[in-house]
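Shown next: final.cif, containing mmCIF, C-alpha atoms and all ligand atoms.
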```cif
data_my_file
#
loop_
_atom_site.group_PDB
_atom_site.id
_atom_site.type_symbol
_atom_site.label_atom_id
_atom_site.label_comp_id
_atom_site.auth_asym_id
_atom_site.auth_seq_id
_atom_site.Cartn_x
_atom_site.Cartn_y
_atom_site.Cartn_z
ATOM 1 C CA MET A 258 99.281 129.906 255.890
ATOM 2 C CA THR A 259 98.137 133.322 254.876
ATOM 3 C CA LYS A 260 101.172 133.722 252.701
ATOM 4 C CA ALA A 261 100.467 130.478 250.849
ATOM 5 C CA ASN A 262 96.852 131.439 250.490
ATOM 6 C CA ASP A 263 97.793 134.805 249.047
ATOM 7 C CA ALA A 264 100.091 133.150 246.525
ATOM 8 C CA ARG A 265 97.277 130.811 245.361
ATOM 9 C CA ILE A 266 94.868 133.687 244.922
ATOM 10 C CA LYS A 267 97.453 135.600 242.981
ATOM 11 C CA ARG A 268 98.074 132.642 240.593
ATOM 12 C CA SER A 269 94.359 132.195 240.120
ATOM 13 C CA GLN A 270 93.983 135.876 239.275
ATOM 14 C CA GLU A 271 96.854 135.654 236.813
ATOM 15 C CA ARG A 272 95.278 132.646 235.053
ATOM 16 C CA ALA A 273 91.961 134.477 234.853
ATOM 17 C CA ALA A 274 93.684 137.504 233.390
ATOM 18 C CA LEU A 275 95.417 135.300 230.812
ATOM 19 C CA ARG A 276 92.139 133.622 229.806
ATOM 20 C CA LEU A 277 90.539 137.017 229.474
ATOM 21 C CA LYS A 278 93.365 138.207 227.276
ATOM 22 C CA GLN A 279 93.111 135.114 225.088
ATOM 23 C CA ALA A 280 89.347 135.548 224.788
ATOM 24 C CA GLY A 281 89.921 139.155 223.758
ATOM 25 C CA LEU A 282 92.375 138.085 221.084
ATOM 26 C CA GLU A 283 89.965 135.476 219.779
ATOM 27 C CA LEU A 284 87.181 138.027 219.627
ATOM 28 C CA GLU A 285 89.438 140.387 217.712
ATOM 29 C CA ARG A 286 90.314 137.627 215.234
ATOM 30 C CA ALA A 287 86.633 136.752 214.802
ATOM 31 C CA GLN A 288 85.762 140.404 214.205
ATOM 32 C CA ARG A 289 88.472 140.679 211.579
ATOM 33 C CA ALA A 290 87.192 137.555 209.819
ATOM 34 C CA PHE A 291 83.659 138.890 209.954
ATOM 35 C CA SER A 292 84.539 142.207 208.404
ATOM 36 C CA ASP A 293 86.568 140.431 205.714
ATOM 37 C CA GLU A 294 83.539 138.336 204.908
ATOM 38 C CA GLN A 295 81.334 141.397 204.888
ATOM 39 C CA ARG A 296 83.651 143.165 202.497
ATOM 40 C CA ALA A 297 83.655 140.129 200.206
ATOM 41 C CA LEU A 298 79.857 139.977 200.332
ATOM 42 C CA ARG A 299 79.580 143.651 199.502
ATOM 43 C CA ALA A 300 81.912 143.215 196.547
ATOM 44 C CA GLU A 301 79.890 140.250 195.343
ATOM 45 C CA ARG A 302 76.668 142.188 195.663
ATOM 46 C CA THR A 303 78.085 145.105 193.698
ATOM 47 C CA GLU A 304 79.132 142.696 190.967
ATOM 48 C CA THR A 305 75.740 140.982 191.014
ATOM 49 C CA ILE A 306 73.921 144.306 190.777
ATOM 50 C CA ALA A 307 76.026 145.340 187.791
ATOM 51 C CA LEU A 308 75.249 142.060 186.058
ATOM 52 C CA LEU A 309 71.562 142.355 186.901
ATOM 53 C CA ARG A 310 71.483 145.864 185.418
ATOM 54 C CA LEU A 311 72.962 144.471 182.232
ATOM 55 C CA TYR A 312 70.348 141.707 181.896
ATOM 56 C CA ALA A 313 67.488 143.839 183.189
ATOM 57 C CA GLU A 314 68.244 146.447 180.536
ATOM 58 C CA ARG A 315 68.056 143.771 177.851
ATOM 59 C CA TYR A 316 65.192 141.612 179.132
ATOM 60 C CA GLY A 317 63.406 143.590 181.866
ATOM 61 C CA ASP A 318 63.446 147.137 183.201
ATOM 62 C CA LEU A 319 65.798 149.421 185.140
ATOM 63 C CA ASP A 320 63.196 150.993 187.428
ATOM 64 C CA TRP A 321 64.906 149.937 190.685
ATOM 65 C CA GLU A 322 67.483 151.159 193.208
ATOM 66 C CA ASP A 323 70.742 149.346 193.823
ATOM 67 C CA ALA A 324 69.704 148.835 197.478
ATOM 68 C CA LEU A 325 66.627 146.800 196.547
ATOM 69 C CA ALA A 326 66.663 143.175 197.710
ATOM 70 C CA LEU A 327 68.021 140.805 195.101
ATOM 71 C CA PRO A 328 64.945 138.524 195.028
ATOM 72 C CA GLU A 329 62.754 141.536 194.288
ATOM 73 C CA ILE A 330 65.026 142.754 191.516
ATOM 74 C CA LEU A 331 65.083 139.296 189.994
ATOM 75 C CA GLU A 332 61.368 138.697 190.234
ATOM 76 C CA GLN A 333 59.827 142.077 189.474
ATOM 77 C CA HIS A 334 62.331 143.585 187.089
ATOM 78 C CA LEU A 335 63.713 140.581 185.240
ATOM 79 C CA PHE A 336 61.643 137.397 185.373
ATOM 80 C CA ASP A 337 58.194 138.969 185.183
ATOM 81 C CA PRO A 338 58.982 141.154 182.141
ATOM 82 C CA LEU A 339 60.793 138.216 180.595
ATOM 83 C CA GLU A 340 57.743 136.025 181.051
ATOM 84 C CA ARG A 341 55.480 138.659 179.481
ATOM 85 C CA THR A 342 57.804 138.874 176.468
ATOM 86 C CA LEU A 343 57.882 135.114 176.193
ATOM 87 C CA GLN A 344 54.079 134.991 176.242
ATOM 88 C CA LYS A 345 53.917 137.562 173.452
ATOM 89 C CA VAL A 346 56.422 135.616 171.361
ATOM 90 C CA THR A 347 54.557 132.361 171.948
ATOM 91 C CA LEU A 348 51.285 134.012 170.941
ATOM 92 C CA ARG A 349 52.854 135.376 167.759
ATOM 93 C CA LEU A 350 54.307 131.958 166.970
ATOM 94 C CA GLU A 351 50.905 130.316 167.413
ATOM 95 C CA ARG A 352 49.325 132.863 165.087
ATOM 96 C CA PHE A 353 52.060 132.266 162.523
ATOM 97 C CA LYS A 354 51.573 128.483 162.750
ATOM 98 C CA ALA A 355 47.825 128.904 162.199
ATOM 99 C CA GLU A 356 48.479 131.092 159.141
ATOM 100 C CA ALA A 357 50.901 128.541 157.727
ATOM 101 C CA GLN A 358 48.311 125.787 158.236
ATOM 102 C CA THR A 359 45.662 127.865 156.450
ATOM 103 C CA ALA A 360 48.028 128.422 153.549
ATOM 104 C CA ARG A 361 48.834 124.711 153.381
ATOM 105 C CA ASP A 362 45.129 123.833 153.382
ATOM 106 C CA ALA A 363 44.457 126.336 150.610
ATOM 107 C CA MET A 364 47.235 124.860 148.510
ATOM 108 C CA ARG A 365 45.932 121.342 149.057
ATOM 109 C CA THR A 366 42.436 122.415 147.974
ATOM 110 C CA LEU A 367 43.876 124.025 144.894
ATOM 111 C CA GLY A 368 45.793 120.842 144.061
ATOM 112 C CA THR A 369 42.651 118.699 144.433
ATOM 113 C CA ARG A 370 40.709 121.054 142.174
ATOM 114 C CA THR A 371 43.363 120.818 139.494
ATOM 115 C CA GLN A 372 43.196 117.033 139.647
ATOM 116 C CA ASP A 373 39.380 117.063 139.371
ATOM 117 C CA ALA A 374 39.363 119.377 136.381
ATOM 118 C CA PRO A 375 38.679 117.783 132.953
ATOM 119 C CA ALA A 376 41.790 116.810 131.123
ATOM 120 C CA VAL A 377 42.917 119.580 128.868
ATOM 121 C CA GLN A 378 43.887 118.407 125.400
ATOM 122 C CA GLU A 379 47.546 118.870 125.102
ATOM 123 C CA ILE A 380 48.531 120.970 122.140
ATOM 124 C CA PRO A 381 51.922 120.051 120.788
ATOM 125 C CA PRO A 382 54.244 123.011 120.821
ATOM 126 C CA GLU A 383 54.560 124.665 117.470
ATOM 127 C CA ILE A 384 57.904 123.943 115.901
ATOM 128 C CA PRO A 385 59.199 127.166 114.425
ATOM 129 C CA ARG A 386 59.838 126.868 110.707
ATOM 130 C CA PRO A 387 62.966 128.347 109.298
ATOM 131 C CA ARG A 388 62.192 131.819 108.125
ATOM 132 C CA PRO A 389 63.075 132.921 104.659
ATOM 133 C CA GLY A 390 65.621 135.652 104.281
ATOM 134 C CA PRO A 391 69.111 136.124 105.666
ATOM 135 C CA ARG A 392 70.267 133.549 108.114
ATOM 136 C CA PRO A 393 71.230 134.590 111.604
ATOM 137 C CA ARG A 394 74.802 135.764 111.744
ATOM 138 C CA LEU A 395 76.051 133.083 114.094
ATOM 139 C CA GLN A 396 74.929 130.269 111.811
ATOM 140 C CA ALA A 397 76.315 131.790 108.651
ATOM 141 C CA VAL A 398 79.877 130.664 108.369
ATOM 142 C CA PRO A 399 81.110 132.440 105.278
ATOM 143 C CA GLU A 400 83.113 130.339 102.928
ATOM 144 C CA VAL A 401 86.653 131.561 102.774
ATOM 145 C CA VAL A 402 87.229 132.974 99.355
ATOM 146 C CA HIS A 403 90.768 133.495 98.177
ATOM 147 C CA ARG A 404 91.273 136.137 95.592
ATOM 148 C CA PRO A 405 94.908 137.008 95.727
ATOM 149 C CA LEU A 406 96.006 140.219 94.108
ATOM 150 C CA VAL A 407 99.577 141.125 93.280
ATOM 151 C CA VAL A 408 100.299 144.732 94.123
ATOM 152 C CA ALA A 409 103.367 146.921 93.919
ATOM 153 C CA ALA A 410 104.654 147.703 97.382
ATOM 154 C CA GLN A 411 107.419 149.457 99.262
ATOM 155 C CA LEU A 412 108.883 148.296 102.558
ATOM 156 C CA ARG A 413 111.196 150.909 104.028
ATOM 157 C CA ASP A 414 113.649 151.526 101.160
ATOM 158 C CA GLN A 415 112.824 148.336 99.211
ATOM 159 C CA TYR A 416 110.485 148.252 96.247
ATOM 160 C CA GLY A 417 108.763 145.105 95.036
ATOM 161 C CA TYR A 418 105.502 143.235 95.054
ATOM 162 C CA VAL A 419 103.259 141.694 97.661
ATOM 163 C CA VAL A 420 100.219 139.508 97.378
ATOM 164 C CA ARG A 421 97.102 140.540 99.218
ATOM 165 C CA CYS A 422 94.253 138.114 99.455
ATOM 166 C CA THR A 423 90.574 138.755 100.144
ATOM 167 C CA CYS A 424 90.884 136.360 103.077
ATOM 168 C CA GLY A 425 93.156 138.824 104.832
ATOM 169 C CA TRP A 426 96.418 137.102 104.117
ATOM 170 C CA ALA A 427 99.379 139.068 102.767
ATOM 171 C CA SER A 428 102.690 137.783 101.470
ATOM 172 C CA PRO A 429 106.108 139.147 102.345
ATOM 173 C CA LEU A 430 107.695 141.601 99.930
ATOM 174 C CA THR A 431 109.077 139.948 96.808
ATOM 175 C CA SER A 432 111.342 141.393 94.171
ATOM 176 C CA SER A 433 109.352 140.389 91.091
ATOM 177 C CA GLN A 434 105.754 140.058 89.970
ATOM 178 C CA ALA A 435 106.457 136.444 88.972
ATOM 179 C CA SER A 436 107.559 135.398 92.455
ATOM 180 C CA ALA A 437 104.598 137.268 93.911
ATOM 181 C CA ARG A 438 102.307 135.312 91.626
ATOM 182 C CA ALA A 439 103.999 132.095 92.701
ATOM 183 C CA LEU A 440 103.324 132.984 96.341
ATOM 184 C CA ALA A 441 99.709 133.717 95.450
ATOM 185 C CA GLY A 442 99.384 130.303 93.791
ATOM 186 C CA GLU A 443 100.933 128.627 96.801
ATOM 187 C CA HIS A 444 98.519 130.434 99.086
ATOM 188 C CA CYS A 445 95.559 129.186 97.070
ATOM 189 C CA GLY A 446 96.931 125.654 96.962
ATOM 190 C CA VAL A 447 97.781 125.863 93.314
ATOM 191 C CA VAL A 448 101.301 125.160 92.363
ATOM 192 C CA PRO A 449 102.352 127.469 89.551
ATOM 193 C CA GLU A 450 102.753 125.782 86.199
ATOM 194 C CA ARG A 451 106.324 126.829 85.850
ATOM 195 C CA GLN A 452 107.347 125.222 89.124
ATOM 196 C CA GLN A 453 105.198 122.190 88.376
ATOM 197 C CA SER A 454 107.035 121.586 85.115
ATOM 198 C CA ALA A 455 110.349 122.171 86.859
ATOM 199 C CA ARG A 456 109.733 119.221 89.223
HETATM 200 ZN ZN ZN B 501 93.499 133.818 100.782
#
```

Is it possible to express this structure as structure tokens?
Amino acid sequence: MTKANDARIKRSQERAALRLKQAGLELERAQRAFSDEQRALRAERTETIALLRLYAERYGDLDWEDALALPEILEQHLFDPLERTLQKVTLRLERFKAEAQTARDAMRTLGTRTQDAPAVQEIPPEIPRPRPGPRPRLQAVPEVVHRPLVVAAQLRDQYGYVVRCTCGWASPLTSSQASARALAGEHCGVVPERQQSAR
């Protein structure tokens, strides 16, 4: 009887010990999860703070500690300055719009006045008369004048005659004055008499 009773108590104690051990393990697991979460939150906060510093520098101010609560940082050092800037910009825009309207009104008044003014007699533009004297260079196309001239010439070791014309043309070297003259006639569009009769 006592022996059986002892055994039951012992089993009960063992079960209790097991439950306790399991509870301890669970607690340990929960603690680990909690610290993991905390670490993640800290990392996120650090990242958020860095980002806030970036935006606050651009749109707000940097007069705050990293430990300051996020809502305060957002409100006092980012949104409020941003709102003040926005108000200033809006004010400037309104002023600019008013100025533009004034300018438009002034222009409209000016246009009305021009319409009301008595019609001004239109004076036909004076047509410039051609001036006496030398014509402008671009208009003067000089007539090409051909005045060929037979001259004695030397090309390397050859002696002969060439025709030079006032137009700038020059004939190749020829052996005789007669052939040079023929070339000159050809250049001027005149076929030499001798050749003409030969045809
Ligand atoms: Zn010529």

Any chance you could tabulate, as a Markdown table, the residues of chain A at most 8 Å from ligand ZN 501 (chain B) with each one's nearest atom pair and distance in Å to one decimal, using only C-alpha atoms and all ligand atoms, in chain and rising number order?
```
| residue | atom | partner | partner_atom | distance |
| --- | --- | --- | --- | --- |
| A:Val401 | CA | B:ZN501 | ZN | 7.5 |
| A:Val402 | CA | B:ZN501 | ZN | 6.5 |
| A:His403 | CA | B:ZN501 | ZN | 3.8 |
| A:Arg404 | CA | B:ZN501 | ZN | 6.1 |
| A:Pro405 | CA | B:ZN501 | ZN | 6.1 |
| A:Arg421 | CA | B:ZN501 | ZN | 7.8 |
| A:Cys422 | CA | B:ZN501 | ZN | 4.6 |
| A:Thr423 | CA | B:ZN501 | ZN | 5.8 |
| A:Cys424 | CA | B:ZN501 | ZN | 4.3 |
| A:Gly425 | CA | B:ZN501 | ZN | 6.4 |
| A:Trp426 | CA | B:ZN501 | ZN | 5.5 |
| A:His444 | CA | B:ZN501 | ZN | 6.3 |
| A:Cys445 | CA | B:ZN501 | ZN | 6.3 |
```

Two-atom distance - atom CA of Glu283 of chain A, atom CA of Arg296 of chain A (Å): 19.9 Å

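When the PyMOL selection byres (((chain A and resi 335) around 8) and not hetatm) is run on the displayed coordinates, the residues it returns are A:Tyr312, A:Ala313, A:Tyr316, A:Gly317, A:Asp318, A:Ile330, A:Leu331, A:Glu332, A:Gln333, A:His334, A:Phe336, A:Asp337, A:Pro338, A:Leu339.
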
Straight-line distance linking atom CA of Ala307 of chain A with atom CA of Ala326 of chain A, stated in Å to one decimal: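 One can read the atom CA of Ala307 of chain A to atom CA of Ala326 of chain A distance as 13.8 Å.
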
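One finds atom CA of Ala290 of chain A at 25.7 Å from atom CA of Ala273 of chain A.
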
Contacts of Ala437 of chain A at 9 Å (only C-alpha atoms; same-chain gap of 2+ positions) as a PyMOL selection string: chain A and resi 407-408+417-420+428-435+439-442
